[in-house]
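Containing PDB, C-alpha atoms, pLDDT in the B column: protein.pdb.
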```pdb
MODEL        1
ATOM      1  CA  TYR A  22      41.989   5.629  29.132  1.00 67.00           C
ATOM      2  CA  GLY A  23      42.214   2.307  27.323  1.00 71.00           C
ATOM      3  CA  ASP A  24      38.913   1.077  28.740  1.00 81.00           C
ATOM      4  CA  LYS A  25      37.135   4.294  27.676  1.00 82.00           C
ATOM      5  CA  PHE A  26      38.500   4.029  24.126  1.00 82.00           C
ATOM      6  CA  ALA A  27      37.405   0.368  23.974  1.00 84.00           C
ATOM      7  CA  ALA A  28      33.911   1.257  25.234  1.00 88.00           C
ATOM      8  CA  ALA A  29      33.598   4.051  22.624  1.00 86.00           C
ATOM      9  CA  GLU A  30      34.731   1.692  19.841  1.00 83.00           C
ATOM     10  CA  VAL A  31      32.160  -0.929  20.897  1.00 84.00           C
ATOM     11  CA  ALA A  32      29.389   1.695  20.999  1.00 86.00           C
ATOM     12  CA  VAL A  33      30.259   3.006  17.514  1.00 82.00           C
ATOM     13  CA  ARG A  34      30.521  -0.533  16.098  1.00 80.00           C
ATOM     14  CA  LEU A  35      27.079  -1.387  17.533  1.00 84.00           C
ATOM     15  CA  ALA A  36      25.564   1.798  16.101  1.00 82.00           C
ATOM     16  CA  THR A  37      27.018   1.235  12.631  1.00 76.00           C
ATOM     17  CA  SER A  38      26.011  -2.441  12.687  1.00 76.00           C
ATOM     18  CA  SER A  39      22.478  -1.368  13.603  1.00 79.00           C
ATOM     19  CA  SER A  40      22.428   1.158  10.721  1.00 72.00           C
ATOM     20  CA  LEU A  41      23.639  -1.504   8.298  1.00 71.00           C
ATOM     21  CA  ALA A  42      21.032  -3.995   9.536  1.00 75.00           C
ATOM     22  CA  PHE A  43      18.346  -1.346   8.984  1.00 73.00           C
ATOM     23  CA  ALA A  44      19.671  -0.645   5.490  1.00 68.00           C
ATOM     24  CA  GLU A  45      19.842  -4.355   4.688  1.00 72.00           C
ATOM     25  CA  LEU A  46      16.344  -5.231   5.946  1.00 71.00           C
ATOM     26  CA  LEU A  47      14.345  -2.218   4.837  1.00 68.00           C
ATOM     27  CA  LEU A  48      16.304  -0.837   1.922  1.00 68.00           C
ATOM     28  CA  GLY A  49      17.501  -4.080   0.376  1.00 66.00           C
ATOM     29  CA  LEU A  50      21.118  -3.050   0.770  1.00 70.00           C
ATOM     30  CA  ASP A  51      23.390  -6.086   0.841  1.00 72.00           C
ATOM     31  CA  ALA A  52      27.180  -6.278   0.562  1.00 71.00           C
ATOM     32  CA  ALA A  53      27.136  -6.447  -3.258  1.00 76.00           C
ATOM     33  CA  THR A  54      24.808  -3.453  -3.559  1.00 76.00           C
ATOM     34  CA  ALA A  55      26.852  -1.481  -1.000  1.00 72.00           C
ATOM     35  CA  SER A  56      29.964  -2.206  -3.076  1.00 73.00           C
ATOM     36  CA  GLN A  57      28.149  -1.093  -6.223  1.00 76.00           C
ATOM     37  CA  ILE A  58      27.155   2.159  -4.518  1.00 74.00           C
ATOM     38  CA  ARG A  59      30.655   2.693  -3.151  1.00 72.00           C
ATOM     39  CA  ASP A  60      32.131   2.289  -6.656  1.00 74.00           C
ATOM     40  CA  ALA A  61      29.503   4.504  -8.333  1.00 73.00           C
ATOM     41  CA  LYS A  62      30.986   7.231 -10.445  1.00 72.00           C
ATOM     42  CA  GLY A  63      29.359  10.585 -10.712  1.00 71.00           C
ATOM     43  CA  ASP A  64      29.308  14.085  -9.390  1.00 75.00           C
ATOM     44  CA  GLY A  65      27.437  15.142  -6.320  1.00 77.00           C
ATOM     45  CA  LYS A  66      26.262  13.418  -3.218  1.00 82.00           C
ATOM     46  CA  LEU A  67      24.745   9.987  -2.886  1.00 81.00           C
ATOM     47  CA  GLN A  68      21.002  10.423  -2.435  1.00 84.00           C
ATOM     48  CA  LEU A  69      18.218   8.039  -1.492  1.00 83.00           C
ATOM     49  CA  VAL A  70      15.258   8.806  -3.763  1.00 87.00           C
ATOM     50  CA  CYS A  71      11.711   7.464  -3.514  1.00 88.00           C
ATOM     51  CA  ASP A  72      10.002   7.202  -6.912  1.00 88.00           C
ATOM     52  CA  PHE A  73       6.276   6.383  -6.850  1.00 89.00           C
ATOM     53  CA  GLY A  74       3.130   6.585  -8.932  1.00 89.00           C
ATOM     54  CA  GLY A  75       0.009   4.803 -10.037  1.00 88.00           C
ATOM     55  CA  THR A  76      -2.189   4.048 -13.037  1.00 87.00           C
ATOM     56  CA  THR A  77      -5.894   3.322 -13.435  1.00 87.00           C
ATOM     57  CA  THR A  78      -7.452   1.194 -16.195  1.00 87.00           C
ATOM     58  CA  TYR A  79     -11.170   0.680 -16.786  1.00 89.00           C
ATOM     59  CA  LEU A  80     -12.044  -3.018 -17.107  1.00 91.00           C
ATOM     60  CA  LYS A  81     -15.780  -3.468 -17.546  1.00 93.00           C
ATOM     61  CA  GLU A  82     -19.268  -2.837 -16.275  1.00 93.00           C
ATOM     62  CA  ARG A  83     -21.141  -5.527 -14.371  1.00 94.00           C
ATOM     63  CA  GLU A  84     -24.601  -5.840 -12.933  1.00 94.00           C
ATOM     64  CA  ARG A  85     -25.518  -7.860  -9.901  1.00 92.00           C
ATOM     65  CA  GLU A  86     -28.552  -8.325  -7.762  1.00 92.00           C
ATOM     66  CA  VAL A  87     -28.561  -7.867  -4.013  1.00 90.00           C
ATOM     67  CA  GLU A  88     -31.320  -9.472  -2.011  1.00 89.00           C
ATOM     68  CA  GLY A  89     -32.825  -7.469   0.808  1.00 86.00           C
ATOM     69  CA  PRO A  90     -34.705  -8.762   3.846  1.00 85.00           C
ATOM     70  CA  THR A  91     -37.955 -10.682   3.547  1.00 82.00           C
ATOM     71  CA  VAL A  92     -40.959  -8.644   4.636  1.00 82.00           C
ATOM     72  CA  VAL A  93     -44.110 -10.411   5.868  1.00 80.00           C
ATOM     73  CA  VAL A  94     -47.389  -8.510   5.553  1.00 80.00           C
ATOM     74  CA  GLU A  95     -50.587  -9.693   7.258  1.00 79.00           C
ATOM     75  CA  GLN A  96     -53.970  -8.833   5.741  1.00 77.00           C
ATOM     76  CA  LYS A  97     -57.086  -9.292   7.818  1.00 75.00           C
ATOM     77  CA  LYS A  98     -60.398  -9.710   6.012  1.00 73.00           C
ATOM     78  CA  ASP A  99     -63.686  -9.310   7.840  1.00 67.00           C
ATOM     79  CA  THR A 100     -66.955 -10.590   6.390  1.00 67.00           C
ATOM     80  CA  LYS A 101     -70.347  -9.397   7.581  1.00 67.00           C
ATOM     81  CA  GLY A 102     -73.508 -11.284   7.744  1.00 60.00           C
ATOM     82  CA  GLY A 103     -74.529 -14.719   8.691  1.00 56.00           C
ATOM     83  CA  PHE A 104     -76.563 -15.973  11.619  1.00 59.00           C
ATOM     84  CA  PHE A 105     -73.867 -15.495  14.277  1.00 61.00           C
ATOM     85  CA  GLY A 106     -72.455 -12.138  13.183  1.00 59.00           C
ATOM     86  CA  GLY A 107     -69.551 -12.468  10.838  1.00 60.00           C
ATOM     87  CA  SER A 108     -66.176 -14.036  10.332  1.00 65.00           C
ATOM     88  CA  SER A 109     -62.631 -12.912   9.679  1.00 67.00           C
ATOM     89  CA  SER A 110     -59.683 -14.476   7.943  1.00 72.00           C
ATOM     90  CA  THR A 111     -55.993 -13.589   7.898  1.00 75.00           C
ATOM     91  CA  LYS A 112     -53.743 -13.854   4.892  1.00 80.00           C
ATOM     92  CA  GLU A 113     -49.936 -13.524   5.063  1.00 81.00           C
ATOM     93  CA  THR A 114     -47.904 -12.308   2.099  1.00 82.00           C
ATOM     94  CA  SER A 115     -44.084 -12.558   1.969  1.00 82.00           C
ATOM     95  CA  THR A 116     -42.151 -10.133  -0.162  1.00 83.00           C
ATOM     96  CA  LYS A 117     -38.424 -10.144  -0.854  1.00 84.00           C
ATOM     97  CA  VAL A 118     -36.879  -6.979  -2.261  1.00 84.00           C
ATOM     98  CA  THR A 119     -34.104  -7.438  -4.832  1.00 88.00           C
ATOM     99  CA  THR A 120     -32.010  -4.448  -5.887  1.00 90.00           C
ATOM    100  CA  LYS A 121     -30.107  -4.363  -9.180  1.00 93.00           C
ATOM    101  CA  ILE A 122     -26.702  -2.700  -8.817  1.00 92.00           C
ATOM    102  CA  THR A 123     -24.483  -1.547 -11.668  1.00 93.00           C
ATOM    103  CA  GLU A 124     -20.767  -1.530 -10.832  1.00 93.00           C
ATOM    104  CA  HIS A 125     -17.746  -0.363 -12.803  1.00 92.00           C
ATOM    105  CA  LEU A 126     -14.547  -2.385 -12.384  1.00 92.00           C
ATOM    106  CA  TRP A 127     -11.132  -0.739 -12.442  1.00 90.00           C
ATOM    107  CA  THR A 128      -7.594  -2.066 -12.210  1.00 91.00           C
ATOM    108  CA  ARG A 129      -5.324   0.148 -10.173  1.00 88.00           C
ATOM    109  CA  THR A 130      -1.564  -0.373 -10.157  1.00 90.00           C
ATOM    110  CA  TRP A 131       0.678   1.320  -7.614  1.00 89.00           C
ATOM    111  CA  SER A 132       4.465   1.244  -7.841  1.00 91.00           C
ATOM    112  CA  LEU A 133       7.244   2.250  -5.494  1.00 90.00           C
ATOM    113  CA  ARG A 134      10.975   2.304  -6.133  1.00 89.00           C
ATOM    114  CA  LEU A 135      13.756   3.255  -3.760  1.00 86.00           C
ATOM    115  CA  VAL A 136      16.844   4.308  -5.696  1.00 86.00           C
ATOM    116  CA  ALA A 137      20.367   5.272  -4.669  1.00 84.00           C
ATOM    117  CA  LYS A 138      21.552   8.047  -7.032  1.00 84.00           C
ATOM    118  CA  LYS A 139      24.977   9.507  -7.478  1.00 82.00           C
ATOM    119  CA  GLY A 140      25.282  11.756 -10.495  1.00 80.00           C
ATOM    120  CA  SER A 141      23.787   9.856 -13.422  1.00 80.00           C
ATOM    121  CA  THR A 142      24.270   6.448 -11.766  1.00 82.00           C
ATOM    122  CA  GLU A 143      21.118   4.861 -10.352  1.00 84.00           C
ATOM    123  CA  ILE A 144      21.030   1.693  -8.284  1.00 83.00           C
ATOM    124  CA  VAL A 145      17.592   0.271  -7.488  1.00 86.00           C
ATOM    125  CA  LEU A 146      17.365  -0.840  -3.872  1.00 83.00           C
ATOM    126  CA  LEU A 147      13.668  -1.626  -3.697  1.00 83.00           C
ATOM    127  CA  ASP A 148      11.085  -2.108  -6.464  1.00 87.00           C
ATOM    128  CA  HIS A 149       7.505  -3.024  -5.534  1.00 89.00           C
ATOM    129  CA  ALA A 150       4.223  -2.953  -7.437  1.00 92.00           C
ATOM    130  CA  LEU A 151       0.717  -3.639  -6.184  1.00 92.00           C
ATOM    131  CA  THR A 152      -2.284  -4.268  -8.424  1.00 93.00           C
ATOM    132  CA  THR A 153      -5.852  -4.154  -7.154  1.00 91.00           C
ATOM    133  CA  THR A 154      -9.274  -4.466  -8.755  1.00 91.00           C
ATOM    134  CA  GLU A 155     -11.832  -1.989  -7.465  1.00 88.00           C
ATOM    135  CA  ALA A 156     -15.577  -1.673  -7.986  1.00 89.00           C
ATOM    136  CA  THR A 157     -17.282   1.729  -8.061  1.00 87.00           C
ATOM    137  CA  ARG A 158     -20.887   2.768  -8.596  1.00 87.00           C
ATOM    138  CA  THR A 159     -19.978   5.580 -11.006  1.00 85.00           C
ATOM    139  CA  LYS A 160     -17.934   5.509 -14.169  1.00 84.00           C
ATOM    140  CA  GLU A 161     -16.020   8.653 -13.303  1.00 81.00           C
ATOM    141  CA  ASN A 162     -12.371   8.025 -13.960  1.00 71.00           C
ATOM    142  CA  ARG A 163     -10.159   8.796 -11.038  1.00 70.00           C
ATOM    143  CA  PRO A 164      -7.031  10.536 -12.178  1.00 68.00           C
ATOM    144  CA  ASP A 165      -3.774   8.625 -12.228  1.00 66.00           C
ATOM    145  CA  LEU A 166      -1.287   9.462  -9.538  1.00 68.00           C
ATOM    146  CA  ALA A 167       1.444  11.302 -11.400  1.00 74.00           C
ATOM    147  CA  ARG A 168       4.907   9.838 -11.103  1.00 78.00           C
ATOM    148  CA  LYS A 169       6.832  11.661  -8.395  1.00 84.00           C
ATOM    149  CA  SER A 170      10.360  11.488  -7.093  1.00 83.00           C
ATOM    150  CA  ILE A 171      11.234  12.672  -3.615  1.00 82.00           C
ATOM    151  CA  THR A 172      14.762  12.846  -2.241  1.00 81.00           C
ATOM    152  CA  LEU A 173      14.620  11.197   1.160  1.00 78.00           C
ATOM    153  CA  ALA A 174      18.160  11.784   2.356  1.00 74.00           C
ATOM    154  CA  ASP A 175      21.709  12.563   1.437  1.00 76.00           C
ATOM    155  CA  ALA A 176      23.427   9.268   2.138  1.00 72.00           C
ATOM    156  CA  ASP A 177      27.147   9.726   1.497  1.00 70.00           C
ATOM    157  CA  TRP A 178      27.771   8.037   4.842  1.00 65.00           C
ATOM    158  CA  LEU A 179      25.970   4.823   3.897  1.00 63.00           C
ATOM    159  CA  PRO A 180      28.572   2.978   1.788  1.00 60.00           C
ATOM    160  CA  SER A 181      31.417   3.958   4.100  1.00 62.00           C
ATOM    161  CA  LEU A 182      29.990   2.060   7.074  1.00 60.00           C
ATOM    162  CA  ASP A 183      32.307  -0.807   7.943  1.00 61.00           C
ATOM    163  CA  PRO A 184      31.928  -1.725  11.643  1.00 59.00           C
ATOM    164  CA  PRO A 185      34.769  -4.270  11.930  1.00 63.00           C
ATOM    165  CA  SER A 186      37.416  -1.821  10.680  1.00 65.00           C
ATOM    166  CA  PHE A 187      36.411   1.076  12.953  1.00 65.00           C
ATOM    167  CA  SER A 188      38.883   2.124  15.643  1.00 68.00           C
ATOM    168  CA  LEU A 189      39.690   5.325  17.474  1.00 68.00           C
ATOM    169  CA  ASP A 190      43.037   7.036  17.005  1.00 70.00           C
ATOM    170  CA  ARG A 191      44.568   6.733  20.463  1.00 68.00           C
ATOM    171  CA  ALA A 192      47.464   9.049  19.795  1.00 66.00           C
TER     172      ALA A 192
ENDMDL
END
```
Encoding of this model in structure tokens:
Amino acid sequence: YGDKFAAAEVAVRLATSSSLAFAELLLGLDAATASQIRDAKGDGKLQLVCDFGGTTTYLKEREREVEGPTVVVEQKKDTKGGFFGGSSSTKETSTKVTTKITEHLWTRTWSLRLVAKKGSTEIVLLDHALTTTEATRTKENRPDLARKSITLADADWLPSLDPPSFSLDRA
């Protein structure tokens, strides 16, 4: 049975190493943060919580002109009379249409935090913010995205992962 125990240990070590690599790359969980989470005091389970929201701020109004295509119009003019009948002439007129557009500029800020919570202890794993400037044709204010917190998972297992120390009890 020794070879089966060894194979099971290797499989579990690979799985836990993969979970830790995922946590390190995507959640920002390094050894120091894992230690901080492991030592966190508090009642209840360790939870991974996503906290997100957004704000909108009006900047200013701007006007700009947009040029349309050039339109060529031909006008033909006939004249009557004369010894040989009449004559005609053609006149071309070019017109370019320019449209005046009023835009309203807004700054929109989005934020996302991933937090490990245990009781009243919070450890920030990921904290990102994105700011954009948007132009709209109307001055209607879009409502801010209210701050929300969503519990993603109970993660009591996360700080206890230690692949090198795992072994099966062969008794």
Picked residues, the PyMOL selection byres ((chain A and resi 77-88) around 12), as a VMD selection string: chain A and resid 74 to 76 89 to 92 116 to 132 152 to 167
Please enumerate the residues selected by the PyMOL selection byres ((chain A and resi 142) around 12) when evaluated against the supplied file, formatted as a list of chain:residue names. A:Gln57, A:Ile58, A:Arg59, A:Asp60, A:Ala61, A:Lys62, A:Gly63, A:Asp64, A:Gly65, A:Lys66, A:Leu67, A:Gln68, A:Val136, A:Ala137, A:Lys138, A:Lys139, A:Gly140, A:Ser141, A:Glu143, A:Ile144, A:Val145
Enclosing box along x, y and z for every listed atom of region 59-68 of chain A, padded 6 Å each side, centre and size in Å, one decimal, as AutoDock Vina command-line options:
```
--center_x 26.6 --center_y 8.7 --center_z -6.6 --size_x 23.1 --size_y 24.9 --size_z 20.3
```
With all atoms listed in the file counted and 12 Å as the cut-off, give the residues of region 91-177 of chain A in contact with region 36-46 of chain A, each with its shortest interatomic distance in Å and the pair that gives it, as a tab-separated table.
```
residue	atom	partner	partner_atom	distance
A:Leu135	CA	A:Ala44	CA	11.7
A:Ala137	CA	A:Ala44	CA	11.8
A:Leu146	CA	A:Glu45	CA	9.6
A:Leu147	CA	A:Leu46	CA	10.6
A:Ala176	CA	A:Ala44	CA	11.1
```
So which residues touch Ser170 (chain A) within 8 Å, counting only C-alpha atoms, skipping near sequence neighbours fewer than 4 positions away, as an NGL selection string? :A and (70-73)
Keeping C-alpha atoms for every residue in the selection just given, could you write it to a file as a PDB file, keeping the file's coordinate frame?
```
ATOM      1  CA  VAL A  70      15.258   8.806  -3.763  1.00 87.00           C
ATOM      2  CA  CYS A  71      11.711   7.464  -3.514  1.00 88.00           C
ATOM      3  CA  ASP A  72      10.002   7.202  -6.912  1.00 88.00           C
ATOM      4  CA  PHE A  73       6.276   6.383  -6.850  1.00 89.00           C
TER       5      PHE A  73
END
```
Decode the PyMOL selection byres ((chain A and resi 93) around 6) for the given file into explicit residues and return them as a PyMOL selection string. chain A and resi 92+94+114-115
Could you tell me which of A:Ala150, A:Ala55, A:Leu35, A:Leu173 comes closest to Leu133 (chain A) if we count all atoms listed in the file?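 Using all atoms listed in the file, the shortest distance to Leu133 (chain A) belongs to A:Ala150.
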Would you compute the distance between CA of Thr54 (chain A) and CA of Glu30 (chain A)? Give it in Å to one decimal. 25.9 Å
Pick out the residues sitting within 6 Å of region 95-97 of chain A, and hand them over as a PyMOL selection string; count all atoms listed in the file, and ignore anything fewer than 2 positions along from it in its own chain. chain A and resi 110-113
